[in-house]
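Below: the structure, in structure tokens.
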Amino acid sequence: MKNYKSLKDLTNKVVLITGASGGLGEQIAYQVAKKGAIVVACARRKEKLDVVVENCQNLSKRLAYAYQLDISKPEEVEKVVNEVEEEVGPVSVLINNAGFGLMEDFLDFDMDRAEAMFRVNVLGLMYATKYVATKMAERQVGAIINIASMAGKMATPKSTVYSATKFAVLGFSNALRLELKPLGISVMTVNPGPIRTEFFDKADKTHNYLNSLGNIVLDPEEVAYKIVSKIGTSRREVNLPYYMEVAHHLYEVFPHMADYLTGGIFNKK
């Protein structure tokens, strides 16, 4: 029986990526293309997807595909997954990258935006996972990568709703991993700290957050390389940067000190 370890070689494997029109999703698409994968890039912005797909084809020397998708709409998710399976081929790897955040105090937060964030970051991810994993289970092979966040491990001021969505992704992924492993399907979560992408154009209204962090901001290409290098392994999590993983362990051991640091001198929002 094949299982996820056979996916270490991505040659001609179909890799479906949500939120692939820019930022980390775009860089992940390029990394899997370099490994000879058939890239299926999904996002709302079709014109940007077309550029990503063209770049992927140049890197992989294989066909790549763009599917316009609003991940917050379950009927669209099901339709796209079925079309990909019929028109491109069986999905071997699903990378749930679509998501957004807003850095605002909770008392001022628009709850319509909170619901929208849950529909994209959590429910959209769950629908995509269900529709793809059901087909993977029939084949007894597959890999699912859920892009969560260090905000799902260490909540900070002005990240209340975003952190809640990423805590949900982590809880979902940890249980799903146990359910799908006997079916030959791996589930890995990725918990990056701040990445220099357009994510913060929407999340940070001040446009000062990334600059205030200095050299600790992650490069999306490097993050994408590390994620893709773990496909086909039994790795449960990828936590970046390393010092934040250490900080998370300290956060659990010394919670009162952690509250003081994350809510005070380390709070850059």
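All residue names refer to the structure tokens as shown: chains lettered A, B, ... in order, residues numbered from 1 in each chain, ligands numbered from 1 in order.
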
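Summary of the local environment: counting only C-alpha atoms, residues at most 8 Å from Ile145 (chain A), other than itself and those fewer than 3 positions away along its chain, are Val93, Leu94, Ile95, Asn96, Val187, Met188, Thr189 and Val190 of chain A.
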
For those residues, write N, CA, C and O atoms to a file as a PDB file, in the first residue's frame.
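Heads up, here's the output in selection_32.pdb:
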ATOM      1  N   VAL A  93      -1.296  16.233  -3.040  1.00  0.00           N
ATOM      2  CA  VAL A  93      -0.947  17.123  -1.930  1.00  0.00           C
ATOM      3  C   VAL A  93      -1.900  18.311  -1.930  1.00  0.00           C
ATOM      4  O   VAL A  93      -2.108  18.952  -2.956  1.00  0.00           O
ATOM      5  N   LEU A  94      -2.486  18.591  -0.774  1.00  0.00           N
ATOM      6  CA  LEU A  94      -3.320  19.774  -0.578  1.00  0.00           C
ATOM      7  C   LEU A  94      -2.604  20.708   0.384  1.00  0.00           C
ATOM      8  O   LEU A  94      -2.221  20.299   1.482  1.00  0.00           O
ATOM      9  N   ILE A  95      -2.427  21.956  -0.037  1.00  0.00           N
ATOM     10  CA  ILE A  95      -1.807  22.960   0.832  1.00  0.00           C
ATOM     11  C   ILE A  95      -2.828  24.054   1.078  1.00  0.00           C
ATOM     12  O   ILE A  95      -3.148  24.847   0.185  1.00  0.00           O
ATOM     13  N   ASN A  96      -3.381  24.075   2.291  1.00  0.00           N
ATOM     14  CA  ASN A  96      -4.390  25.060   2.685  1.00  0.00           C
ATOM     15  C   ASN A  96      -3.690  26.319   3.177  1.00  0.00           C
ATOM     16  O   ASN A  96      -3.319  26.439   4.349  1.00  0.00           O
ATOM     17  N   VAL A 187      -0.804  14.736   7.820  1.00  0.00           N
ATOM     18  CA  VAL A 187      -1.303  16.088   8.087  1.00  0.00           C
ATOM     19  C   VAL A 187      -0.208  16.848   8.830  1.00  0.00           C
ATOM     20  O   VAL A 187       0.218  16.433   9.903  1.00  0.00           O
ATOM     21  N   MET A 188       0.243  17.932   8.239  1.00  0.00           N
ATOM     22  CA  MET A 188       1.291  18.755   8.857  1.00  0.00           C
ATOM     23  C   MET A 188       0.795  20.193   8.976  1.00  0.00           C
ATOM     24  O   MET A 188       0.164  20.717   8.063  1.00  0.00           O
ATOM     25  N   THR A 189       1.065  20.798  10.122  1.00  0.00           N
ATOM     26  CA  THR A 189       0.739  22.209  10.293  1.00  0.00           C
ATOM     27  C   THR A 189       2.015  23.037  10.222  1.00  0.00           C
ATOM     28  O   THR A 189       3.083  22.603  10.646  1.00  0.00           O
ATOM     29  N   VAL A 190       1.872  24.235   9.685  1.00  0.00           N
ATOM     30  CA  VAL A 190       2.989  25.176   9.582  1.00  0.00           C
ATOM     31  C   VAL A 190       2.630  26.409  10.391  1.00  0.00           C
ATOM     32  O   VAL A 190       1.569  27.006  10.189  1.00  0.00           O
TER      33      VAL A 190
END

So which residues touch region 150-155 of chain A within 8 Å, counting only C-alpha atoms, skipping near sequence neighbours fewer than 2 positions away, as a list in words?
-> Ala148, Pro157, Ser159, Thr160, Tyr162, Ser163, Ala164, Thr165, Lys166, Phe167, Ala168, Val169, Leu170, Asn191, Pro192, Gly193, Asn239, Leu240, Met244, His248, Tyr251 and Thr262 of chain A

Using only C-alpha atoms, determine which residues lie at most 6 Å from Asp219 (chain A), disregarding the query and same-chain residues fewer than 3 positions distant; provide the list as a list of chain:residue names.
-> A:Ile195, A:Arg196, A:Glu222

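Among the candidates A:Glu115, A:Glu47, A:Glu104, A:Glu78, the residue lying nearest to Thr129 (chain A) is A:Glu78 (atoms considered: only C-alpha atoms).
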
Any idea what's packed within 12 Å of Ser60 (chain A), counting only C-alpha atoms, ignoring anything in its chain fewer than 4 positions away? Could you give it as a ChimeraX atom specification?
-> /A:10-13,29-39,53-56,64

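Distance annotation: of A:Ser21, A:Asn3, A:Ser92, A:Thr156, the residue with the minimal separation from Leu69 (chain A) is A:Ser21; atom set is only C-alpha atoms.
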
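Considering only C-alpha atoms, the residue among A:Gly232, A:Glu26, A:Ile185, A:Ile227 positioned nearest to Lys135 (chain A) is A:Ile185.
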
Selected residue, from A:Val141, A:Met136, A:Val161, A:Met126, that lies nearest to Ser72 (chain A) when counting only C-alpha atoms = A:Met126

Within region 10-58 of chain A, find each residue whose DSSP state, derived from the backbone, is helix (DSSP H, G or I), and express the selection as a PyMOL selection string.
-> chain A and resi 23-34+46-58

Counting only C-alpha atoms, the residue of A:Gln68, A:Gln140, A:Asn174, A:Asn121 that sits nearest Val84 (chain A) = A:Gln68

Near Lys46 (chain A), counting only C-alpha atoms, which residues have an atom at most 8 Å away, once you skip same-chain residues fewer than 3 positions from it, shown as a VMD selection string?
-> chain A and resid 21 43 49 to 50 66 to 68
